[in-house]
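**Q** Next up, work.cif (mmCIF, C-alpha atoms).
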data_upload
#
loop_
_atom_site.label_atom_id
_atom_site.label_comp_id
_atom_site.auth_asym_id
_atom_site.auth_seq_id
_atom_site.Cartn_x
_atom_site.Cartn_y
_atom_site.Cartn_z
CA MET A 1 66.53 47.73 151.88
CA ALA A 2 66.35 46.40 148.33
CA GLY A 3 63.93 43.57 147.62
CA LYS A 4 65.24 40.14 146.79
CA THR A 5 65.50 39.22 143.12
CA GLN A 6 63.45 36.12 142.49
CA THR A 7 65.30 33.51 140.49
CA VAL A 8 63.56 31.63 137.72
CA ASP A 9 63.95 27.88 137.41
CA GLN A 10 65.49 27.21 133.99
CA ASP A 11 63.60 23.94 133.54
CA THR A 12 60.36 25.89 133.93
CA VAL A 13 61.65 28.49 131.47
CA LYS A 14 62.33 25.75 128.91
CA ASP A 15 58.89 24.25 129.56
CA ILE A 16 57.14 27.57 128.90
CA TYR A 17 59.19 28.13 125.74
CA ARG A 18 58.20 24.69 124.45
CA PHE A 19 54.56 25.46 125.27
CA ILE A 20 54.64 28.68 123.21
CA GLU A 21 56.19 26.82 120.29
CA GLU A 22 53.73 23.90 120.57
CA TYR A 23 50.76 26.26 120.89
CA ILE A 24 51.59 27.91 117.57
CA PHE A 25 52.10 24.60 115.76
CA GLU A 26 48.95 23.00 117.15
CA ASN A 27 46.55 25.98 117.04
CA HIS A 28 47.95 27.89 114.05
CA LYS A 29 47.84 31.17 115.97
CA LEU A 30 50.15 33.12 118.27
CA CYS A 31 50.26 32.77 122.04
CA SER A 32 49.26 35.24 124.78
CA VAL A 33 49.88 35.28 128.54
CA SER A 34 46.34 34.04 129.23
CA GLU A 35 46.86 30.86 127.18
CA ILE A 36 50.04 30.09 129.10
CA VAL A 37 48.52 30.82 132.53
CA ASN A 38 45.37 28.79 131.85
CA SER A 39 47.13 25.81 130.28
CA LYS A 40 50.14 25.55 132.59
CA LYS A 41 48.19 26.45 135.77
CA ILE A 42 50.73 28.98 137.04
CA ALA A 43 50.32 32.42 138.61
CA ARG A 44 50.28 35.36 136.19
CA LYS A 45 53.14 37.13 137.99
CA LYS A 46 55.33 34.02 137.76
CA CYS A 47 54.42 33.64 134.10
CA LEU A 48 55.43 37.24 133.37
CA ARG A 49 58.78 36.70 135.13
CA ILE A 50 59.42 33.64 132.98
CA LEU A 51 58.47 35.48 129.80
CA LYS A 52 60.77 38.36 130.77
CA GLU A 53 63.57 35.82 131.23
CA LEU A 54 62.88 34.29 127.81
CA ILE A 55 62.96 37.75 126.22
CA SER A 56 66.29 38.55 127.94
CA GLN A 57 67.68 35.26 126.58
CA GLY A 58 66.56 36.21 123.09
CA LYS A 59 64.31 33.13 122.86
CA ILE A 60 60.98 34.95 122.34
CA THR A 61 59.82 38.28 120.91
CA VAL A 62 56.76 40.40 121.65
CA VAL A 63 54.88 40.91 118.38
CA TYR A 64 51.91 42.81 119.80
CA GLU A 65 51.04 44.68 122.97
CA GLY A 66 48.70 47.51 123.82
CA ARG A 67 46.81 49.07 126.68
CA GLY A 68 44.03 46.70 127.67
CA LYS A 69 45.01 44.29 124.91
CA PRO A 70 46.72 40.88 125.25
CA THR A 71 50.48 40.76 124.77
CA ILE A 72 51.34 38.27 122.04
CA TYR A 73 54.59 36.27 121.92
CA ILE A 74 56.43 34.33 119.24
CA PRO A 75 59.73 32.39 119.26
CA THR A 76 62.43 34.75 117.98
CA TYR A 77 63.56 32.41 115.20
CA MET A 78 60.02 32.41 113.76
CA PHE A 79 59.86 36.22 113.91
CA GLU A 80 63.24 36.60 112.19
CA GLU A 81 62.12 34.23 109.45
CA ILE A 82 59.06 36.41 108.83
CA LEU A 83 61.23 39.55 108.58
CA ARG A 84 63.60 37.86 106.13
CA SER A 85 60.74 37.00 103.77
CA GLN A 86 60.32 40.57 102.46
CA ARG A 87 58.23 40.62 99.28
CA LYS A 88 60.08 41.47 96.09
CA PRO A 89 58.45 43.75 93.49
CA SER A 90 57.20 41.91 90.39
CA TRP A 91 59.41 43.95 88.06
CA ILE A 92 62.63 42.65 89.67
CA GLU A 93 62.35 39.52 87.49
CA LYS A 94 63.40 41.59 84.46
CA TYR A 95 66.77 42.23 86.10
CA THR A 96 67.64 38.70 87.22
CA PHE A 97 71.20 37.59 86.46
CA LYS A 98 71.41 34.73 83.97
CA ARG A 99 73.84 32.77 86.16
CA LYS A 100 71.56 33.31 89.15
CA ALA A 101 68.59 31.90 87.20
CA GLU A 102 70.62 28.78 86.36
CA MET A 103 71.59 28.38 90.02
CA ILE A 104 67.98 28.80 91.15
CA LYS A 105 66.87 26.08 88.74
CA LYS A 106 69.42 23.65 90.21
CA ILE A 107 68.48 24.67 93.75
CA ASP A 108 64.78 24.12 93.03
CA GLU A 109 65.50 20.63 91.69
CA LEU A 110 67.53 19.76 94.79
CA ARG A 111 64.92 21.34 97.06
CA LYS A 112 62.22 19.05 95.66
CA LYS A 113 64.39 16.01 96.37
CA ILE A 114 65.26 17.25 99.86
CA SER A 115 61.60 18.07 100.57
CA HIS A 116 60.73 14.38 100.13
CA TYR A 117 63.01 13.46 103.03
CA GLU A 118 62.08 16.44 105.19
CA ILE A 119 58.38 15.52 105.01
CA LEU A 120 59.23 11.99 106.14
CA GLU A 121 61.43 13.31 108.95
CA ARG A 122 58.37 15.09 110.36
CA LEU A 123 57.20 11.65 111.46
CA LEU A 124 59.74 11.95 114.29
CA TYR A 125 58.83 15.39 115.62
CA GLY A 126 55.61 16.66 114.03
CA THR A 127 52.14 17.29 115.40
CA GLY A 128 48.83 18.53 113.98
CA ASP A 129 48.49 19.07 110.23
CA PRO A 130 52.22 18.63 109.42
CA LEU A 131 52.26 15.22 111.13
CA GLU A 132 49.04 14.09 109.45
CA GLU A 133 50.45 15.14 106.07
CA ALA A 134 53.67 13.25 106.82
CA VAL A 135 51.74 10.07 107.69
CA LYS A 136 49.71 10.38 104.48
CA TYR A 137 52.89 10.99 102.45
CA ALA A 138 54.62 7.95 103.97
CA LEU A 139 51.63 5.71 103.22
CA GLU A 140 51.56 6.98 99.63
CA TYR A 141 55.30 6.34 99.34
CA LEU A 142 54.69 2.73 100.42
CA GLU A 143 52.06 2.56 97.64
CA PHE A 144 48.95 1.83 99.67
CA GLU A 145 45.74 2.24 97.67
CA ASN A 146 43.37 5.22 97.94
CA VAL A 147 45.35 7.15 100.57
CA GLU A 148 43.20 10.12 101.53
CA ARG A 149 43.21 12.94 104.04
CA PRO A 150 39.72 14.46 104.39
CA ARG A 151 39.74 18.24 104.20
CA LYS A 152 36.71 18.75 106.42
CA LYS A 153 37.56 19.50 110.05
CA ASP A 154 35.19 17.02 111.71
CA SER A 155 36.65 13.80 110.32
CA TYR A 156 39.30 11.15 110.79
CA ASP A 157 42.86 12.16 109.84
CA VAL A 158 43.85 9.70 107.09
CA SER A 159 42.46 6.60 105.39
CA PHE A 160 43.86 3.99 103.01
CA VAL A 161 42.88 0.67 101.44
CA TYR A 162 44.76 -2.63 101.72
CA ASN A 163 43.48 -6.01 100.51
CA GLY A 164 39.97 -4.66 100.11
CA LYS A 165 39.75 -3.23 103.64
CA LYS A 166 39.51 0.47 104.48
CA TYR A 167 41.79 1.57 107.30
CA ILE A 168 40.61 4.61 109.30
CA VAL A 169 43.58 6.41 110.87
CA GLU A 170 43.67 8.73 113.89
CA VAL A 171 47.03 10.51 114.27
CA GLU A 172 48.29 11.99 117.54
CA GLY A 173 51.46 14.03 118.05
CA THR A 174 52.15 14.63 121.74
CA THR A 175 54.90 15.39 124.23
CA LYS A 176 53.30 12.73 126.46
CA GLN A 177 51.91 9.23 125.90
CA GLY A 178 49.16 8.31 123.47
CA SER A 179 45.82 8.80 125.21
CA LYS A 180 42.58 6.90 125.73
CA GLU A 181 40.73 9.95 124.39
CA LYS A 182 42.31 9.46 120.96
CA VAL A 183 41.28 5.79 120.99
CA ASN A 184 37.69 6.79 121.73
CA GLN A 185 37.86 9.42 119.01
CA LEU A 186 39.04 6.77 116.55
CA ASN A 187 36.14 4.53 117.59
CA GLY A 188 33.78 7.40 116.81
CA TRP A 189 35.12 7.64 113.24
CA VAL A 190 34.81 3.87 112.78
CA GLU A 191 31.22 3.93 114.04
CA GLU A 192 30.47 6.78 111.63
CA GLU A 193 31.65 4.61 108.72
CA LEU A 194 29.45 1.75 109.94
CA ASN A 195 26.45 4.07 110.22
CA LYS A 196 27.00 4.97 106.58
CA GLY A 197 26.56 1.30 105.72
CA ALA A 198 30.14 0.04 105.60
CA ASP A 199 30.74 -3.71 106.04
CA PRO A 200 32.17 -4.20 109.59
CA SER A 201 34.60 -6.82 108.28
CA LYS A 202 36.00 -4.26 105.81
CA ILE A 203 36.73 -1.44 108.28
CA VAL A 204 39.84 -1.30 110.49
CA GLY A 205 40.70 1.40 113.03
CA VAL A 206 44.35 2.50 113.29
CA LEU A 207 45.89 4.67 116.00
CA VAL A 208 49.20 6.31 115.05
CA VAL A 209 51.12 8.13 117.80
CA ASN A 210 54.17 10.37 117.79
CA HIS A 211 54.78 10.07 121.54
CA PHE A 212 57.21 12.25 123.52
CA ARG A 213 57.84 13.94 120.19
CA ASP A 214 60.18 16.55 121.71
CA ARG A 215 62.69 13.82 122.65
CA ASP A 216 65.18 11.77 120.67
CA PRO A 217 63.32 8.56 119.64
CA GLU A 218 66.03 6.52 121.38
CA GLU A 219 65.14 8.22 124.69
CA ARG A 220 61.35 7.88 124.50
CA LYS A 221 59.32 5.93 127.03
CA GLU A 222 56.25 3.71 126.64
CA PRO A 223 54.09 5.20 123.85
CA LEU A 224 50.66 4.48 125.38
CA THR A 225 48.94 4.97 128.70
CA GLU A 226 47.50 1.84 130.34
CA HIS A 227 43.97 3.14 129.66
CA ALA A 228 44.81 3.60 125.97
CA LYS A 229 46.13 0.03 125.77
CA ARG A 230 42.99 -1.42 127.34
CA PHE A 231 40.67 0.44 125.01
CA LEU A 232 42.78 -0.45 121.96
CA LYS A 233 42.47 -4.12 122.92
CA TYR A 234 38.74 -3.76 123.51
CA TYR A 235 38.15 -2.24 120.07
CA ARG A 236 40.80 -4.49 118.46
CA PHE A 237 42.40 -1.55 116.71
CA VAL A 238 45.79 -1.57 114.97
CA PHE A 239 48.48 0.57 116.59
CA PHE A 240 51.92 1.83 115.62
CA THR A 241 54.14 4.81 116.34
CA THR A 242 55.35 7.27 113.75
CA CYS A 243 58.89 6.17 114.66
CA PHE A 244 57.90 2.65 113.55
CA LEU A 245 56.57 4.03 110.26
CA PHE A 246 59.68 6.18 109.77
CA ASN A 247 61.98 3.20 110.25
CA LEU A 248 60.03 1.14 107.71
CA VAL A 249 60.21 3.95 105.15
CA LYS A 250 63.92 4.40 105.80
CA LYS A 251 64.59 0.70 105.22
CA VAL A 252 62.64 0.86 101.96
CA ASP A 253 64.63 3.92 100.89
CA GLU A 254 67.90 2.16 101.70
CA GLY A 255 66.83 -0.99 99.83
CA SER A 256 66.80 -3.40 102.77
CA LEU A 257 62.98 -3.80 102.75
CA SER A 258 60.47 -3.98 99.90
CA LYS A 259 57.38 -1.79 99.83
CA GLU A 260 55.20 -4.90 99.85
CA GLU A 261 56.88 -6.15 103.04
CA ALA A 262 56.56 -2.70 104.60
CA ARG A 263 52.83 -2.56 103.81
CA LYS A 264 52.27 -5.90 105.53
CA MET A 265 54.13 -4.67 108.62
CA VAL A 266 52.09 -1.45 108.70
CA VAL A 267 48.71 -3.23 108.74
CA GLU A 268 49.96 -5.70 111.37
CA GLY A 269 51.07 -2.79 113.52
CA GLU A 270 53.06 -2.88 116.74
CA LYS A 271 52.33 -4.91 119.86
CA TYR A 272 51.02 -2.87 122.76
CA ALA A 273 50.34 -5.53 125.42
#
Step by step, read the file and then write its structure as structure tokens.
**A**
Amino acid sequence: MAGKTQTVDQDTVKDIYRFIEEYIFENHKLCSVSEIVNSKKIARKKCLRILKELISQGKITVVYEGRGKPTIYIPTYMFEEILRSQRKPSWIEKYTFKRKAEMIKKIDELRKKISHYEILERLLYGTGDPLEEAVKYALEYLEFENVERPRKKDSYDVSFVYNGKKYIVEVEGTTKQGSKEKVNQLNGWVEEELNKGADPSKIVGVLVVNHFRDRDPEERKEPLTEHAKRFLKYYRFVFFTTCFLFNLVKKVDEGSLSKEEARKMVVEGEKYA
């Protein structure tokens, strides 16, 4: 008698696929079975069934496997993009068509203009380094003073100056709500500035959250947990979502809001009571 074929819940399949994608974006490395099992708290056999289903759907690809070695997975679209980027030999430049070179020049000019908007659009879906860069870019676009993103790993994400005050920014991109842990982390960066001798009246902590970033902004729920709200109030930090920042930038781009007005709204932040 043949054994029963176990069906795989498609919502769980989608959840695991999102995890693999998020893992790569957040950790800058590929994902193995162990990472999925340990993070999602599911049985290894169930995980392997789900991964097999994702492979059959063409959603993921195995990029490495070996006896006694971890099997490594990557979303298929990422893998195909890698294969398409085959390196051209340096001598091919001598044979470039003149009309092609003219087209490339126009494309490059358009690409630079498009890149401006694509960086800002990351405010709605990004996490990790891409989101932090997008926040920095948006603040620079609004012409805040001394916008910086420290390169060292153990530091706050972004800082800027407004009316003589230095704003220390902690950025969080999550598929959940903004957390108390990020508020405490922000407080740590503020305390570090004070320990260096900064004037307490000249330092402001800012929490920026891209909450439920995998959803359409119109469908997103409350951006902060209750614990996060309480600690934000306790520390008197400024808070706003990346959706809020995106909308300000969009209004400036469309001409319905001045950069000066937008800057004032940024430092006032959003209400989180």
**Q** Nearest residue to Val206 (chain A) out of A:Cys243, A:Cys31, A:Val158, A:Leu224, using only C-alpha atoms?
**A**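 Ranking A:Cys243, A:Cys31, A:Val158, A:Leu224 by distance to Val206 (chain A), first place goes to A:Val158.
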**Q** Restricting the calculation to all atoms listed in the file: of A:Glu192, A:Glu81, A:Glu121, A:Glu260, which residue gets closest to Ser155 (chain A)?
**A**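 Residue with the minimum atom-to-atom distance to Ser155 (chain A): A:Glu192.
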**Q** Using the chain letters and numbers from this file, what does the PyMOL selection byres ((chain A and resi 149-154) around 12) select? Give the answer as a VMD selection string.
**A** chain A and resid 128 to 137 139 to 140 146 to 148 155 to 160 167 to 171 185 to 186 188 to 189 192
**Q** Would you compute the distance between CA of Lys165 (chain A) and CA of Ala262 (chain A)? Give it in Å to one decimal.
**A**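 Atom-to-atom, CA of Lys165 (chain A) and CA of Ala262 (chain A) are spaced 16.8 Å apart.
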**Q** Given all atoms listed in the file as the basis, pick out the residue of A:Leu83, A:Ile203, A:Ile74, A:Leu124 nearest to Tyr23 (chain A).
**A**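 Closest residue, counting all atoms listed in the file: A:Ile74.
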**Q** Neighbours of Gly126 (chain A) within 12 Å (only C-alpha atoms; same-chain residues fewer than 5 positions away dropped), as a PDB file with C-alpha atoms, keeping the file's coordinate frame?
**A**
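File written: result18.pdb
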ATOM      1  CA  GLU A  21      56.190  26.820 120.290  1.00  0.00           C
ATOM      2  CA  GLU A  22      53.730  23.900 120.570  1.00  0.00           C
ATOM      3  CA  PHE A  25      52.100  24.600 115.760  1.00  0.00           C
ATOM      4  CA  GLU A  26      48.950  23.000 117.150  1.00  0.00           C
ATOM      5  CA  GLU A 118      62.080  16.440 105.190  1.00  0.00           C
ATOM      6  CA  ILE A 119      58.380  15.520 105.010  1.00  0.00           C
ATOM      7  CA  LEU A 120      59.230  11.990 106.140  1.00  0.00           C
ATOM      8  CA  GLU A 121      61.430  13.310 108.950  1.00  0.00           C
ATOM      9  CA  LEU A 131      52.260  15.220 111.130  1.00  0.00           C
ATOM     10  CA  GLU A 132      49.040  14.090 109.450  1.00  0.00           C
ATOM     11  CA  GLU A 133      50.450  15.140 106.070  1.00  0.00           C
ATOM     12  CA  ALA A 134      53.670  13.250 106.820  1.00  0.00           C
ATOM     13  CA  VAL A 135      51.740  10.070 107.690  1.00  0.00           C
ATOM     14  CA  VAL A 171      47.030  10.510 114.270  1.00  0.00           C
ATOM     15  CA  GLU A 172      48.290  11.990 117.540  1.00  0.00           C
ATOM     16  CA  GLY A 173      51.460  14.030 118.050  1.00  0.00           C
ATOM     17  CA  THR A 174      52.150  14.630 121.740  1.00  0.00           C
ATOM     18  CA  THR A 175      54.900  15.390 124.230  1.00  0.00           C
ATOM     19  CA  VAL A 209      51.120   8.130 117.800  1.00  0.00           C
ATOM     20  CA  ASN A 210      54.170  10.370 117.790  1.00  0.00           C
ATOM     21  CA  HIS A 211      54.780  10.070 121.540  1.00  0.00           C
ATOM     22  CA  PHE A 212      57.210  12.250 123.520  1.00  0.00           C
ATOM     23  CA  ARG A 213      57.840  13.940 120.190  1.00  0.00           C
ATOM     24  CA  ASP A 214      60.180  16.550 121.710  1.00  0.00           C
ATOM     25  CA  ARG A 215      62.690  13.820 122.650  1.00  0.00           C
ATOM     26  CA  THR A 242      55.350   7.270 113.750  1.00  0.00           C
ATOM     27  CA  CYS A 243      58.890   6.170 114.660  1.00  0.00           C
TER      28      CYS A 243
END
**Q** For this structure, which residues satisfy the selection - the PyMOL selection byres ((chain A and resi 222) around 10) - when it is evaluated on the file as given? I want them as a PyMOL selection string.
**A** chain A and resi 176-178+211-212+220-221+223-226+272
**Q** Could you extract region 188-260 of chain A of the given structure into a file holding C-alpha atoms, as a CSV table (one decimal), in the first residue's frame?
**A**
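Final output, saved to selection-v2.csv:
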chain,number,residue,atom,x,y,z
A,188,GLY,CA,22.8,53.4,23.7
A,189,TRP,CA,24.1,55.5,20.7
A,190,VAL,CA,22.7,58.7,22.4
A,191,GLU,CA,24.5,57.8,25.6
A,192,GLU,CA,27.7,57.2,23.7
A,193,GLU,CA,27.5,60.7,22.3
A,194,LEU,CA,27.0,62.1,25.8
A,195,ASN,CA,29.9,60.1,27.1
A,196,LYS,CA,32.0,61.8,24.5
A,197,GLY,CA,31.1,65.2,25.9
A,198,ALA,CA,28.1,66.2,23.8
A,199,ASP,CA,25.7,68.8,25.2
A,200,PRO,CA,22.5,66.9,26.2
A,201,SER,CA,20.4,69.8,24.9
A,202,LYS,CA,22.0,69.4,21.4
A,203,ILE,CA,21.5,65.6,20.9
A,204,VAL,CA,18.2,64.1,19.7
A,205,GLY,CA,17.5,60.4,19.2
A,206,VAL,CA,15.4,59.4,16.2
A,207,LEU,CA,13.8,56.0,15.5
A,208,VAL,CA,12.9,55.4,11.8
A,209,VAL,CA,10.9,52.2,11.1
A,210,ASN,CA,9.9,50.5,7.8
A,211,HIS,CA,7.3,48.3,9.4
A,212,PHE,CA,5.5,45.4,7.7
A,213,ARG,CA,7.8,46.2,4.8
A,214,ASP,CA,6.6,43.3,2.7
A,215,ARG,CA,3.1,44.8,2.5
A,216,ASP,CA,1.5,47.6,0.6
A,217,PRO,CA,1.8,50.7,2.8
A,218,GLU,CA,-1.9,51.2,2.6
A,219,GLU,CA,-2.4,47.7,4.2
A,220,ARG,CA,0.1,48.1,7.1
A,221,LYS,CA,-0.9,48.0,10.7
A,222,GLU,CA,0.4,49.9,13.7
A,223,PRO,CA,4.1,50.6,13.3
A,224,LEU,CA,5.2,50.1,16.9
A,225,THR,CA,4.7,47.6,19.7
A,226,GLU,CA,3.3,48.9,22.9
A,227,HIS,CA,6.7,48.4,24.6
A,228,ALA,CA,8.4,50.4,21.9
A,229,LYS,CA,5.9,53.3,22.4
A,230,ARG,CA,6.5,53.4,26.1
A,231,PHE,CA,10.2,53.4,25.8
A,232,LEU,CA,10.1,56.1,23.1
A,233,LYS,CA,8.0,58.3,25.4
A,234,TYR,CA,10.4,57.6,28.3
A,235,TYR,CA,13.5,58.7,26.3
A,236,ARG,CA,11.5,61.4,24.5
A,237,PHE,CA,12.8,60.3,21.1
A,238,VAL,CA,11.5,61.4,17.8
A,239,PHE,CA,9.8,58.8,15.7
A,240,PHE,CA,8.6,58.4,12.1
A,241,THR,CA,8.1,55.7,9.5
A,242,THR,CA,10.0,55.5,6.2
A,243,CYS,CA,6.5,55.7,4.5
A,244,PHE,CA,6.2,59.2,6.2
A,245,LEU,CA,9.6,60.2,4.9
A,246,PHE,CA,8.8,58.9,1.4
A,247,ASN,CA,5.5,60.9,1.3
A,248,LEU,CA,7.3,64.1,2.3
A,249,VAL,CA,10.0,63.6,-0.4
A,250,LYS,CA,7.3,62.8,-3.0
A,251,LYS,CA,5.4,66.0,-2.1
A,252,VAL,CA,8.7,68.0,-2.5
A,253,ASP,CA,9.4,66.3,-5.8
A,254,GLU,CA,5.9,67.2,-7.0
A,255,GLY,CA,6.2,70.8,-5.8
A,256,SER,CA,3.4,70.7,-3.2
A,257,LEU,CA,5.8,71.1,-0.3
A,258,SER,CA,9.0,73.0,0.2
A,259,LYS,CA,12.2,71.4,1.5
A,260,GLU,CA,12.2,73.7,4.5
